[in-house]
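**Student:** Would you mind keeping the following structure in view while I ask a few things?
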Amino acid sequence: MTQKLVVIGNGMAGARTVEEILARNGDFTITMFGDEPYGNYNRIMLSNLLAGVEDEAGIFLNDLSWYADNNITLHAGTKIEKIDRKAKVVIADDGSRTPYDKLIIATGSSSWTPPMKNVHNPKRGFHQGVFAFRTLDDTRGMIRYARDHERAVVIGGGLLGLEAARGLQNHVSEVTLLHAMGHLMERQLDEKAGHMLQASVENKLGIKVITNAMTTEILGKDRVTGVKLADGTEIPCDVVVIAAGIRPNTQMVADSGLPVERGIVVDDQMLVRGEQDIYSVGECAQHRGNLYGLVAPLWDQAKVLADHITGRDTEAAYTGSKLSTKLKVAGIDVASMGLIAPELDDDEVIIYSEPKKGIYKQLIIRDGALAGAILVGDNSKAASLIQSFDRAQALPEERAEMLFDIGGPAGEVKPEDMPDDAQVCNCNGVSKGAICGVVNAGCKTVSGVMDKTRAGKGCGTCKPLVQRIVEWAAGGEAEDDPAASWYVPGVPMPKPELMAAIRKYELKSVSSVFEKLVPGGEHDAKSKMGLASLLKMMWADQYSDERDARFINDRVHGNIQKDGTFSVVPQMKGGVTTPAELKRIAEVAEKYNVPMVKLTGGQRIDLLGIPKEQLPAMWADLDMPSGYAYAKSFRTVKTCVGSDFCRFGVGDSTALGIAIEERYQGLEGPGKMKLAVTGCPRNCAEAYVKDLGVVAIDGGKWEIYVGGAAGAHIRKGDLLVTVDSAEEVIRLTGRFLQYYRENANWLERTYAFVPRIGIERIREIVIDDSDGIAEALDAAVDEAVQSYKDPWKERAVPATPGQFRTSLPLTVLPQVPVRS
Amino acid sequence: MTIAPIEKTILGPVEEIPYGEGRTYAVGLDMIAVFRLRDGSLRAVSAVCPHKGGPLADGQIDNRVVVCPLHLYAWDLATGCSQSGQPPISVYPVRVDDGHIILGD
Ligand SMILES: Cc1cc2nc3c(=O)[nH]c(=O)nc-3n(C[C@H](O)[C@H](O)[C@H](O)COP(=O)(O)OP(=O)(O)OC[C@H]3O[C@@H](n4cnc5c(N)ncnc54)[C@H](O)[C@@H]3O)c2cc1C
Ligand code: HEM
Ligand code: SF4
Ligand code: SF4
Ligand code: FES
């Protein structure tokens with residue numbers, strides 16, 4: 001039966017909760033009461049409205065038609081004065097009584113006014129010229145009044161006060177900020193950061209800041225003429241804005257007999273303590289002793305409340321939020337999250353300070369996870385820090401990478417500074433405007449936007465920028481994306497869980513994984529390739545190979561080209577060939593009229609533009625094994641000539657490269673594996689920038705580097721170990737590659753994988769065998785090596801009907817229509 | 001959604017298409033990709049990707065979409081609609097009858 005739902009408070013939390021309930025098809029007749037005479041607007045944007053970078057129309061979230069469209073009765077400008085719990089009705093200031101089955105209290109907060117003489121005027125609330133900064137009406141009043149006045153004072157040096165001060169500069173020529181504490185934003189910043197911020201605010205923005213300034217009195221008879229501080233100082237001004245804190249709106253609730261401490265006491269389902277039918281959400285709610293004054297926690301609360309009230313998930317629980325904030329003042333970068341000072345002896349503290357530029361960065365790390373961070377003067381790393389903070393992600397070994405972009409493209413562009421037509425994804429040609437369009441249409445997860453626009457789906461280097469744009473366009477409402485941790489998008493599990501489940505149920509084919517592990521058994525085309533790779537790795541020759549799970553490249557063992565033809569790259573171990581082999585390749589190229597013969601970046605020869613149906617015949621004529629230049633697999637081992645010929649060579653790089661390729665050829669993995677062996681540190685074979693690179697050094701030793709890259713992302717590999725023999729190199733190469741195969745996410749190349757795990761940890765596991773799995777890794781990679789078969793031998797009989805039938809362009813005979 | 005009219009045509013035995021894969025057929029001047037879903041049913045769409053001419057029959061499918069092998073855009077096999085803002089592809093009626101692929105009504 002449809003229940004009556006009443007919502008008190010039409011602010012950000014109330015309206016969002018209703019949206020979440022509608023999204024879950026909740027069966028309610030909804031009535032909303034809001035003290036403010038409007039639909040629902042984005043309170044956060046009042047700062048931008050004041051600063052003149054947003055207009056009123058731009059800050060409305062839901063206009064009146066939204067309420068009508070969703071059958072919501074809105075009483076705007078109506079205040080609820082009492083809740084009668086026995087009768088289950090709410091009583092409004094117009095005397096009306098509205099019955100409810102379920103009630104949500106989302107009354108938010110009001111601006112708090114510190115005790116000051118002469119601040120109130122018995123007739124009109126505040127003294128003329130004094131304003132709070134909380135509502136649209138406050139902001140309108142302030143703008144109207146400030147327009148024909150010159151000097152403003154803002155009381156309160158927190159986030160809100162700073163934003164108010166900056167906004168007022170848009171309307172008056174002189175702004176002074178008074179802060180009662182020793183430094184600005186003392187809740188979010190430590191002392192040093194606070195002073196650094198103050199310097200920037202004074203020098204860059206020209207706002208005068210006075211700290212330790214206790215305002216005791218508002219001066220002026222019928223309108224403001226100044227303020228007086230505790231030490232007797234008088235500051236003349238004609239506008240005063242109070243931004244000294246907020247207090248939850250709970251009086252009416254307490255008077256109605258509901259439990260109120262600092263806020264309305266709720267449990268993990270957002271139910272008011274002791275109540276079955278009354279919920280509370282937003283700034284007015286006190287959860288596990290905490291009150292929240294930011295929107296992110298409210299969004300989480302709204303979801304849990306909606307899950308619970310609609311019965312969608314009665315187990316849903318809100319367990320609290322980690323807080324992060326950014327200051328919305330153009331030109332002044334400030335971000336803060338979690339702890340602002342270490343608390344335990346072994347909390348790790350990392351500080352970078354460059355006072356001349358006003359840059360200050362502090363990280364606090366506890367048990368390997370980010371417990372707090374402060375950024376002043378440079379927010380370029382804010383998004384990634386907030387993400388590692390929220391999700392307690394593993395941190396890079398090189399802590400400096402968290403503070404600076406090292407080895408990446410210099411200077412991160414800010415989304416707000418980019419023109420709409422700026423191209424973000426250079427592979428798929430997606431502009432900033434296109435991304436924002438999708439976000440504005442309601443898609444607020446990074447992976448959702450990537451799916452819809454294909455931005456970030458080419459080489460992947462633009463992904464961080466796509467993420468920043470999505471976060472910016474969503475106005476801090478970008479949603480966490482559970483799918484981000486899944487191995488493939490279509491199976492809701494991270495890799496370790498997925499592997500455990502595959503083992504538990506002995507799932508040996510891709511279709512069986514979908515059927516067993518996806519709720520509803522839905523297959524997903526975009527997940528098949530990743531699953532095929534994983535299952536092949538886990539089950540080796542027991543894997544049940546469904547050919548449709550393979551990408552076309554793996555079905556026909558060639559790399560598909562833009563015109564639907566394929567490339568043929570024969571194996572050429574270590575880049576070493578012979579005249580006889582070259583002749584054979586030349587003859588084949590002539591016989592088949594190969595449109596292009598080209599040397600690859602991996603030291604072999606590419607025959608391009610081969611129609612699918614010609615592949616088997618060409619392989620037979622070549623009679624060389626596949627070079628695997630098309631698969632997510634072990635690709636090539638580049639080598640330099642080394643000690644055989646080179647006058648600098650100290651190791652036989654060619655022989656070792658060939659031996660490594662001989663052993664690990666065709667090994668599938670979560671991403672490509674490109675290797676190199678070089679005969680001395682001059683590094684002619686570019687081993688430092690390979691997934692695994694081997695460098696001969698004097699004394700018959702070899703260094704092994706892992707995690708290097710020189711594609712769209714450039715990274716020098718980390719030195720894993722130095723060993724004495726080529727055999728040792730071959731063995732450890734296999735062990736590292738197997739560890740990578742088992743633990744990397746789908747398409748996660750070693751340049752991301754190695755820093756994610758940390759080179760120290762990899763060394764412990766692969767070299768020192770701290771986890772006791774070395775033997776198992778060796779055995780697993782050996783099994784994979786033994787099951788290697790040259791795919792180009794699959795040519796006499798097609799593996800499936802029409803395996804090599806052309807898909808385009810068609811040369812088959814036209815079909816004859818039948819008459820019926 | 002564009003359901004294109006097409007003359008009734010027998011394309012060949014259904015075994016020509018492995019489960020979960022697609023094959024291209026020429027019908028008059030049209031080129032049509034026919035897919036055999038893992039549930040045994042068939043879908044037929046225009047064979048040429050509207051993005052940059054990729055061969056859709058070489059794409060991977062599930063029970064809903066085909067993903068073009070060249071740039072991985074996806075189209076709904078039942079409606080022909082793109083899920084990523086590309087132009088739609090034509091869809092054709094197709095069914096299995098007595099082991100044969102019958103295109104058209
Ligand atoms: C200028 C400004 C900038 C901000 N910037 C940020 C930011 O950058 N990031 C961030 O995370 N947060 C920011 N905040 C805080 C954020 O806006 C609040 O956390 C959020 O609005 C709280 O939502 P709420 O629904 O709990 O309260 P509100 O949005 O205040 O909604 C409560 C509503 O209930 C109404 N109401 C109260 N009592 C009654 C009653 N008895 N009967 C009927 N209606 C009633 C009120 O009139 C109000 O409309 C900012 C706030 C301000 C003022
Ligand atoms: C569809 C996309 C791509 C195709 C078709 C492609 C194809 C190829 C081919 C055929 C080779 C020669 C490989 C060999 O001899 O084994 C090659 C080499 C290379 N590719 Fe790609 N590639 C693609 C995407 C990428 C991306 C996204 C990157 C970077 C992130 C990249 C970086 C490289 C590098 C660095 C080499 C040289 C390898 C070496 O020197 O060993 N490629 N590519
Ligand atoms: S071969 Fe590589 S670098 Fe060249 S166009 Fe293709 S993807 Fe880009
Ligand atoms: S890396 Fe060293 S050994 Fe190899 S070719 Fe260059 S100089 Fe010679
Ligand atoms: S050609 Fe099909 S997606 Fe580009």
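Residue numbering restarts at 1 for every chain of the structure tokens, chains are lettered A, B, ... in their displayed order, and ligands are numbered from 1 as they appear.
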Give me, as a ChimeraX atom specification, all polymer residues having an atom no more than 7 Å from range 31-41 of chain B, counting only C-alpha atoms and skipping those fewer than 3 positions away in the same chain.
**Tutor:** /B:17-27,44-47,56-57,62-63
**Student:** Would you mind listing, for every residue of chain A within 10 Å of ligand 5, the two atoms forming the shortest contact and the distance between them in Å to one decimal, using only C-alpha atoms and all ligand atoms, sorted by chain and ascending residue number, as JSON lines?
**Tutor:**
{"residue": "A:Asn428", "atom": "CA", "partner": "ligand 5", "partner_atom_place_in_ligand_line": "4 (Fe)", "distance": 9.3}
{"residue": "A:Arg454", "atom": "CA", "partner": "ligand 5", "partner_atom_place_in_ligand_line": "3 (S)", "distance": 10.0}
{"residue": "A:Lys562", "atom": "CA", "partner": "ligand 5", "partner_atom_place_in_ligand_line": "1 (S)", "distance": 7.5}
{"residue": "A:Asp563", "atom": "CA", "partner": "ligand 5", "partner_atom_place_in_ligand_line": "1 (S)", "distance": 8.8}
{"residue": "A:Gly564", "atom": "CA", "partner": "ligand 5", "partner_atom_place_in_ligand_line": "1 (S)", "distance": 9.2}
**Student:** Please produce an output containing N, CA, C and O atoms for each residue in the selection, written as a short mmCIF file (atom, residue, chain, number, x, y, z; two decimals), in the first residue's frame.
**Tutor:**
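The file below, out_35.cif, is the result:
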data_model
loop_
_atom_site.label_atom_id
_atom_site.label_comp_id
_atom_site.auth_asym_id
_atom_site.auth_seq_id
_atom_site.Cartn_x
_atom_site.Cartn_y
_atom_site.Cartn_z
N ASN A 428 40.78 9.20 -28.72
CA ASN A 428 39.41 9.10 -29.22
C ASN A 428 38.77 10.45 -29.51
O ASN A 428 37.57 10.53 -29.76
N ARG A 454 34.06 7.29 -24.35
CA ARG A 454 35.28 6.59 -24.72
C ARG A 454 36.51 7.41 -24.38
O ARG A 454 37.63 7.06 -24.75
N LYS A 562 43.02 -0.99 -39.29
CA LYS A 562 41.89 -0.09 -39.45
C LYS A 562 40.93 -0.51 -40.56
O LYS A 562 39.75 -0.19 -40.54
N ASP A 563 41.43 -1.26 -41.56
CA ASP A 563 40.56 -1.65 -42.66
C ASP A 563 40.08 -3.09 -42.49
O ASP A 563 39.58 -3.70 -43.44
N GLY A 564 40.26 -3.66 -41.30
CA GLY A 564 39.77 -5.02 -41.08
C GLY A 564 40.76 -6.09 -41.54
O GLY A 564 40.49 -7.28 -41.40
#
**Student:** Kindly provide, as a PyMOL selection string, all nucleotide and amino acid residues lying within 10 Å of ligand 4, counting only C-alpha atoms and all ligand atoms.
**Tutor:** chain A and resi 639-654+677-687+695-697
**Student:** Would you mind exporting the chosen residues as a tab-separated table (two decimals), in the first residue's frame, restricted to N, CA, C and O atoms?
**Tutor:**
chain	number	residue	atom	x	y	z
A	639	THR	N	67.16	-6.85	-27.82
A	639	THR	CA	68.53	-6.97	-27.31
A	639	THR	C	69.43	-6.03	-28.08
A	639	THR	O	69.11	-5.59	-29.18
A	640	CYS	N	70.57	-5.75	-27.48
A	640	CYS	CA	71.62	-5.07	-28.24
A	640	CYS	C	72.64	-6.15	-28.61
A	640	CYS	O	72.52	-7.29	-28.16
A	641	VAL	N	73.65	-5.80	-29.39
A	641	VAL	CA	74.57	-6.87	-29.84
A	641	VAL	C	75.44	-7.40	-28.70
A	641	VAL	O	75.89	-8.53	-28.74
A	642	GLY	N	75.68	-6.58	-27.69
A	642	GLY	CA	76.37	-7.10	-26.51
A	642	GLY	C	77.80	-7.52	-26.76
A	642	GLY	O	78.43	-7.13	-27.76
A	643	SER	N	78.32	-8.35	-25.85
A	643	SER	CA	79.75	-8.65	-25.84
A	643	SER	C	80.23	-9.38	-27.08
A	643	SER	O	81.41	-9.39	-27.38
A	644	ASP	N	79.31	-9.98	-27.85
A	644	ASP	CA	79.74	-10.66	-29.06
A	644	ASP	C	80.46	-9.71	-30.03
A	644	ASP	O	81.48	-10.06	-30.60
A	645	PHE	N	79.90	-8.54	-30.22
A	645	PHE	CA	80.51	-7.62	-31.19
A	645	PHE	C	80.83	-6.25	-30.62
A	645	PHE	O	81.75	-5.60	-31.04
A	646	CYS	N	80.01	-5.79	-29.69
A	646	CYS	CA	80.15	-4.41	-29.24
A	646	CYS	C	81.40	-4.23	-28.41
A	646	CYS	O	81.71	-5.03	-27.54
A	647	ARG	N	82.13	-3.14	-28.66
A	647	ARG	CA	83.39	-2.97	-27.94
A	647	ARG	C	83.17	-2.55	-26.51
A	647	ARG	O	84.09	-2.52	-25.71
A	648	PHE	N	81.96	-2.21	-26.15
A	648	PHE	CA	81.70	-1.86	-24.75
A	648	PHE	C	81.06	-3.01	-23.97
A	648	PHE	O	80.94	-2.94	-22.76
A	649	GLY	N	80.61	-4.01	-24.68
A	649	GLY	CA	79.76	-5.04	-24.06
A	649	GLY	C	80.45	-5.79	-22.94
A	649	GLY	O	81.62	-6.14	-23.03
A	650	VAL	N	79.73	-5.99	-21.85
A	650	VAL	CA	80.26	-6.78	-20.74
A	650	VAL	C	79.42	-8.03	-20.49
A	650	VAL	O	79.71	-8.79	-19.57
A	651	GLY	N	78.38	-8.25	-21.28
A	651	GLY	CA	77.58	-9.47	-21.11
A	651	GLY	C	76.98	-9.86	-22.45
A	651	GLY	O	76.79	-9.00	-23.32
A	652	ASP	N	76.68	-11.13	-22.60
A	652	ASP	CA	76.14	-11.60	-23.88
A	652	ASP	C	74.62	-11.39	-23.89
A	652	ASP	O	73.83	-12.31	-23.63
A	653	SER	N	74.25	-10.16	-24.19
A	653	SER	CA	72.84	-9.79	-24.11
A	653	SER	C	72.00	-10.53	-25.15
A	653	SER	O	70.87	-10.89	-24.90
A	654	THR	N	72.56	-10.75	-26.33
A	654	THR	CA	71.78	-11.40	-27.38
A	654	THR	C	71.41	-12.82	-26.98
A	654	THR	O	70.24	-13.21	-27.08
A	677	VAL	N	67.13	-6.96	-23.10
A	677	VAL	CA	68.40	-7.27	-22.44
A	677	VAL	C	69.46	-6.44	-23.13
A	677	VAL	O	69.55	-6.41	-24.35
A	678	THR	N	70.25	-5.75	-22.33
A	678	THR	CA	71.24	-4.87	-22.91
A	678	THR	C	72.61	-5.24	-22.35
A	678	THR	O	72.72	-5.70	-21.22
A	679	GLY	N	73.66	-5.07	-23.19
A	679	GLY	CA	74.97	-5.65	-22.87
A	679	GLY	C	75.83	-4.81	-21.96
A	679	GLY	O	76.90	-5.26	-21.53
A	680	CYS	N	75.41	-3.59	-21.67
A	680	CYS	CA	76.14	-2.76	-20.72
A	680	CYS	C	75.23	-1.60	-20.35
A	680	CYS	O	74.18	-1.42	-20.97
A	681	PRO	N	75.61	-0.80	-19.36
A	681	PRO	CA	74.69	0.25	-18.91
A	681	PRO	C	74.46	1.37	-19.94
A	681	PRO	O	73.65	2.26	-19.69
A	682	ARG	N	75.12	1.34	-21.09
A	682	ARG	CA	74.79	2.33	-22.12
A	682	ARG	C	73.36	2.11	-22.61
A	682	ARG	O	72.77	2.97	-23.22
A	683	ASN	N	72.89	0.92	-22.41
A	683	ASN	CA	71.45	0.69	-22.54
A	683	ASN	C	70.91	0.87	-23.95
A	683	ASN	O	69.83	1.42	-24.15
A	684	CYS	N	71.64	0.38	-24.94
A	684	CYS	CA	71.16	0.54	-26.31
A	684	CYS	C	69.83	-0.15	-26.56
A	684	CYS	O	69.07	0.25	-27.43
A	685	ALA	N	69.52	-1.20	-25.80
A	685	ALA	CA	68.25	-1.90	-26.03
A	685	ALA	C	67.13	-1.33	-25.17
A	685	ALA	O	66.03	-1.89	-25.12
A	686	GLU	N	67.39	-0.22	-24.47
A	686	GLU	CA	66.36	0.48	-23.70
A	686	GLU	C	65.74	-0.36	-22.59
A	686	GLU	O	64.54	-0.32	-22.33
A	687	ALA	N	66.59	-1.12	-21.90
A	687	ALA	CA	66.09	-2.04	-20.88
A	687	ALA	C	65.54	-1.32	-19.65
A	687	ALA	O	64.73	-1.88	-18.92
A	695	VAL	N	70.19	-5.64	-17.52
A	695	VAL	CA	71.36	-4.86	-17.90
A	695	VAL	C	72.62	-5.59	-17.41
A	695	VAL	O	72.74	-5.88	-16.21
A	696	ALA	N	73.54	-5.90	-18.35
A	696	ALA	CA	74.80	-6.53	-17.96
A	696	ALA	C	75.69	-5.47	-17.31
A	696	ALA	O	75.80	-4.36	-17.83
A	697	ILE	N	76.30	-5.81	-16.18
A	697	ILE	CA	77.26	-4.88	-15.59
A	697	ILE	C	78.58	-5.62	-15.40
A	697	ILE	O	78.61	-6.86	-15.42
**Student:** Which chains and residue numbers are within 8 Å of ligand 1, counting only C-alpha atoms and all ligand atoms, if I want them as an mmCIF file with C-alpha atoms, in the first residue's frame?
**Tutor:**
data_model
loop_
_atom_site.group_PDB
_atom_site.id
_atom_site.type_symbol
_atom_site.label_atom_id
_atom_site.label_comp_id
_atom_site.auth_asym_id
_atom_site.auth_seq_id
_atom_site.Cartn_x
_atom_site.Cartn_y
_atom_site.Cartn_z
ATOM 1 C CA ILE A 8 10.759 18.442 6.833
ATOM 2 C CA GLY A 9 13.432 20.543 5.188
ATOM 3 C CA ASN A 10 13.800 21.095 1.474
ATOM 4 C CA GLY A 11 17.561 21.644 1.521
ATOM 5 C CA MET A 12 20.373 19.625 0.065
ATOM 6 C CA ALA A 13 19.947 16.532 2.225
ATOM 7 C CA GLY A 14 16.147 16.444 2.127
ATOM 8 C CA ALA A 15 15.884 16.793 -1.629
ATOM 9 C CA PHE A 33 8.044 21.314 3.788
ATOM 10 C CA GLY A 34 10.707 23.974 3.369
ATOM 11 C CA ASP A 35 11.149 27.094 5.390
ATOM 12 C CA GLU A 36 12.732 28.791 2.389
ATOM 13 C CA ASN A 40 15.789 23.141 -4.036
ATOM 14 C CA ASN A 42 22.708 24.153 -4.333
ATOM 15 C CA ARG A 43 23.741 25.894 -1.138
ATOM 16 C CA ILE A 44 27.420 25.305 -1.862
ATOM 17 C CA MET A 45 27.156 27.542 -4.900
ATOM 18 C CA LEU A 46 26.093 30.548 -2.840
ATOM 19 C CA SER A 47 29.807 31.313 -2.592
ATOM 20 C CA GLY A 77 7.936 28.934 2.673
ATOM 21 C CA THR A 78 6.137 26.851 5.264
ATOM 22 C CA LYS A 79 7.812 26.037 8.562
ATOM 23 C CA ILE A 80 6.986 22.995 10.655
ATOM 24 C CA GLU A 81 6.517 23.969 14.282
ATOM 25 C CA LYS A 82 5.758 20.644 15.894
ATOM 26 C CA ALA A 92 3.012 23.899 10.310
ATOM 27 C CA ALA A 106 16.288 17.263 7.268
ATOM 28 C CA THR A 107 16.248 20.685 8.855
ATOM 29 C CA GLY A 108 19.962 21.400 8.354
ATOM 30 C CA SER A 109 21.666 24.164 10.294
ATOM 31 C CA SER A 110 21.541 27.892 10.787
ATOM 32 C CA PHE A 133 25.778 33.648 5.085
ATOM 33 C CA ARG A 134 23.575 30.597 4.842
ATOM 34 C CA THR A 135 20.628 31.062 2.523
ATOM 35 C CA LEU A 159 36.047 27.978 4.836
ATOM 36 C CA LEU A 160 32.812 29.918 4.780
ATOM 37 C CA GLU A 163 34.631 32.363 0.637
ATOM 38 C CA ALA A 164 32.435 35.199 1.870
ATOM 39 C CA ASN A 249 18.178 23.258 13.629
ATOM 40 C CA THR A 250 16.895 20.954 16.334
ATOM 41 C CA MET A 252 11.481 22.144 17.169
ATOM 42 C CA VAL A 281 19.482 13.101 7.604
ATOM 43 C CA GLY A 282 21.910 15.924 6.896
ATOM 44 C CA GLU A 283 23.550 18.508 9.081
ATOM 45 C CA CYS A 284 20.886 18.242 11.773
ATOM 46 C CA ALA A 285 21.608 14.522 12.371
ATOM 47 C CA TYR A 292 28.717 16.709 9.554
ATOM 48 C CA GLY A 293 28.864 20.113 7.893
ATOM 49 C CA LEU A 294 29.742 19.055 4.353
ATOM 50 C CA VAL A 295 27.679 17.540 1.594
ATOM 51 C CA ALA A 296 29.638 14.361 0.835
ATOM 52 C CA LEU A 298 24.972 13.681 3.416
ATOM 53 C CA THR A 325 37.457 19.819 2.012
ATOM 54 C CA LYS A 326 38.605 22.199 -0.657
ATOM 55 C CA LEU A 327 38.400 25.955 -0.504
ATOM 56 C CA LYS A 328 36.365 27.410 -3.359
ATOM 57 C CA GLY A 476 32.232 17.720 -5.848
#
**Student:** How many Å lie between CA of Cys436 in chain A and CA of Val18 in chain A, rounded to one decimal?
**Tutor:** 24.7 Å
**Student:** For chain B, which of A:Phe551, A:Phe753, A:Trp539, A:Tyr360 is the closest residue, counting only C-alpha atoms?
**Tutor:**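 Closest to chain B of all the choices is A:Phe551.
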**Student:** Counting only C-alpha atoms, what is within 8 Å of Gln301 in chain A, bar same-chain residues fewer than 2 positions away, as a ChimeraX atom specification?
**Tutor:** /A:270,281-282,297-299,303-305,318
**Student:** May I have the residues from that selection written out with C-alpha atoms, as an mmCIF file, in the first residue's frame?
**Tutor:**
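out26.cif was written with the following content:
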data_model
loop_
_atom_site.group_PDB
_atom_site.id
_atom_site.type_symbol
_atom_site.label_atom_id
_atom_site.label_comp_id
_atom_site.auth_asym_id
_atom_site.auth_seq_id
_atom_site.Cartn_x
_atom_site.Cartn_y
_atom_site.Cartn_z
ATOM 1 C CA MET A 270 19.434 7.032 9.951
ATOM 2 C CA VAL A 281 19.482 13.101 7.604
ATOM 3 C CA GLY A 282 21.910 15.924 6.896
ATOM 4 C CA PRO A 297 28.571 12.611 4.061
ATOM 5 C CA LEU A 298 24.972 13.681 3.416
ATOM 6 C CA TRP A 299 24.990 11.899 0.057
ATOM 7 C CA LYS A 303 21.594 6.472 0.043
ATOM 8 C CA VAL A 304 21.416 4.389 3.205
ATOM 9 C CA LEU A 305 18.198 6.054 4.278
ATOM 10 C CA TYR A 318 25.913 4.242 7.343
#
**Student:** Which of these residues is nearest to Glu522 in chain A, using only C-alpha atoms: B:Arg64, B:His100, B:Arg95, B:Arg43?
**Tutor:** B:Arg64
**Student:** Write out as a list in words which residues come within 7 Å of Ala78 in chain B when counting only C-alpha atoms, dropping same-chain ones fewer than 2 positions away.
**Tutor:**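 What passes the distance filter is Asp76, Gly80 and Val91 of chain B.
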**Student:** Among range 642-703 of chain A, which ones does DSSP place in alpha helix (DSSP H), written as a PyMOL selection string?
**Tutor:** chain A and resi 653-664
**Student:** Determine, counting only C-alpha atoms, which protein, DNA and RNA residues have an atom within 12 Å of an atom of Trp66 in chain A; residues of the same chain fewer than 3 positions away are not included. Present the result as an MDAnalysis selection string.
**Tutor:** chainID A and resid 15 18:19 22 39:40 60:63 69:74
**Student:** Could you take the residues named above and write them with C-alpha atoms, as a compact mmCIF listing (two decimals), in the first residue's frame?
**Tutor:**
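Saved result, selection.txt, follows:
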# COMPACT_ATOMS: atom_id res chain seq x y z
CA ALA A 15 15.88 16.79 -1.63
CA VAL A 18 13.90 12.09 -2.01
CA GLU A 19 15.80 11.70 -5.28
CA LEU A 22 12.55 7.92 -6.32
CA GLY A 39 12.54 24.84 -4.84
CA ASN A 40 15.79 23.14 -4.04
CA PHE A 60 18.89 25.60 -8.72
CA LEU A 61 18.99 21.82 -8.52
CA ASN A 62 15.29 21.06 -8.78
CA ASP A 63 12.83 23.67 -9.91
CA ASP A 69 6.65 15.79 -12.37
CA ASN A 70 7.38 13.45 -9.48
CA ASN A 71 4.03 13.98 -7.74
CA ILE A 72 5.65 15.65 -4.78
CA THR A 73 3.59 18.21 -2.88
CA LEU A 74 5.94 21.02 -1.93
**Student:** Neighbours of ligand 3 within 9 Å, counting only C-alpha atoms and all ligand atoms, as a VMD selection string?
**Tutor:** chain A and resid 427 458 to 459 711 to 712
**Student:** Could you make a table, as a Markdown table, of the residues of chain B that have an atom within 10 Å of an atom of ligand 2, each with its nearest atom pair and distance in Å to one decimal, counting only C-alpha atoms and all ligand atoms, in chain and number order?
**Tutor:**
| residue | atom | partner | partner_atom_place_in_ligand_line | distance |
| --- | --- | --- | --- | --- |
| B:Pro69 | CA | ligand 2 | 1 (C) | 9.9 |
| B:Leu70 | CA | ligand 2 | 1 (C) | 7.8 |
| B:His71 | CA | ligand 2 | 1 (C) | 8.2 |
**Student:** Pull N, CA, C and O atoms from the residues just selected and write them as a PDB file, in the first residue's frame.
**Tutor:**
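As a result, part_2.pdb now contains:
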ATOM      1  N   PRO B  69      35.439  -4.262 -33.020  1.00  0.00           N
ATOM      2  CA  PRO B  69      36.823  -4.614 -32.666  1.00  0.00           C
ATOM      3  C   PRO B  69      37.814  -3.462 -32.845  1.00  0.00           C
ATOM      4  O   PRO B  69      38.902  -3.522 -32.299  1.00  0.00           O
ATOM      5  N   LEU B  70      37.426  -2.421 -33.587  1.00  0.00           N
ATOM      6  CA  LEU B  70      38.447  -1.392 -33.855  1.00  0.00           C
ATOM      7  C   LEU B  70      38.586  -0.374 -32.727  1.00  0.00           C
ATOM      8  O   LEU B  70      39.683  -0.108 -32.258  1.00  0.00           O
ATOM      9  N   HIS B  71      37.486   0.222 -32.302  1.00  0.00           N
ATOM     10  CA  HIS B  71      37.623   1.229 -31.244  1.00  0.00           C
ATOM     11  C   HIS B  71      36.698   0.960 -30.069  1.00  0.00           C
ATOM     12  O   HIS B  71      36.498   1.818 -29.221  1.00  0.00           O
TER      13      HIS B  71
END
**Student:** Taking the DSSP assignment computed from this structure's backbone, write out as a count of residues only all residues of range 236-329 of chain A that belong to strand (DSSP E or B).
**Tutor:** 25
**Student:** Identify which of the residues B:Ala4, B:Ile89, B:Val94, B:Leu103 lies closest to chain A, counting only C-alpha atoms when measuring atom-to-atom distances.
**Tutor:** B:Leu103
**Student:** Could you tell me how far CA of Lys204 in chain A lies from CA of Leu219 in chain A, in Å and to one decimal?
**Tutor:**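 Rounded to one decimal, the two atoms are 29.6 Å apart.
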**Student:** Taking into account only C-alpha atoms, which residue in the set A:Ser511, A:Thr722, A:Thr139, A:Gln786 is nearest to chain B?
**Tutor:**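 So, comparing all the options, the nearest one is A:Ser511.
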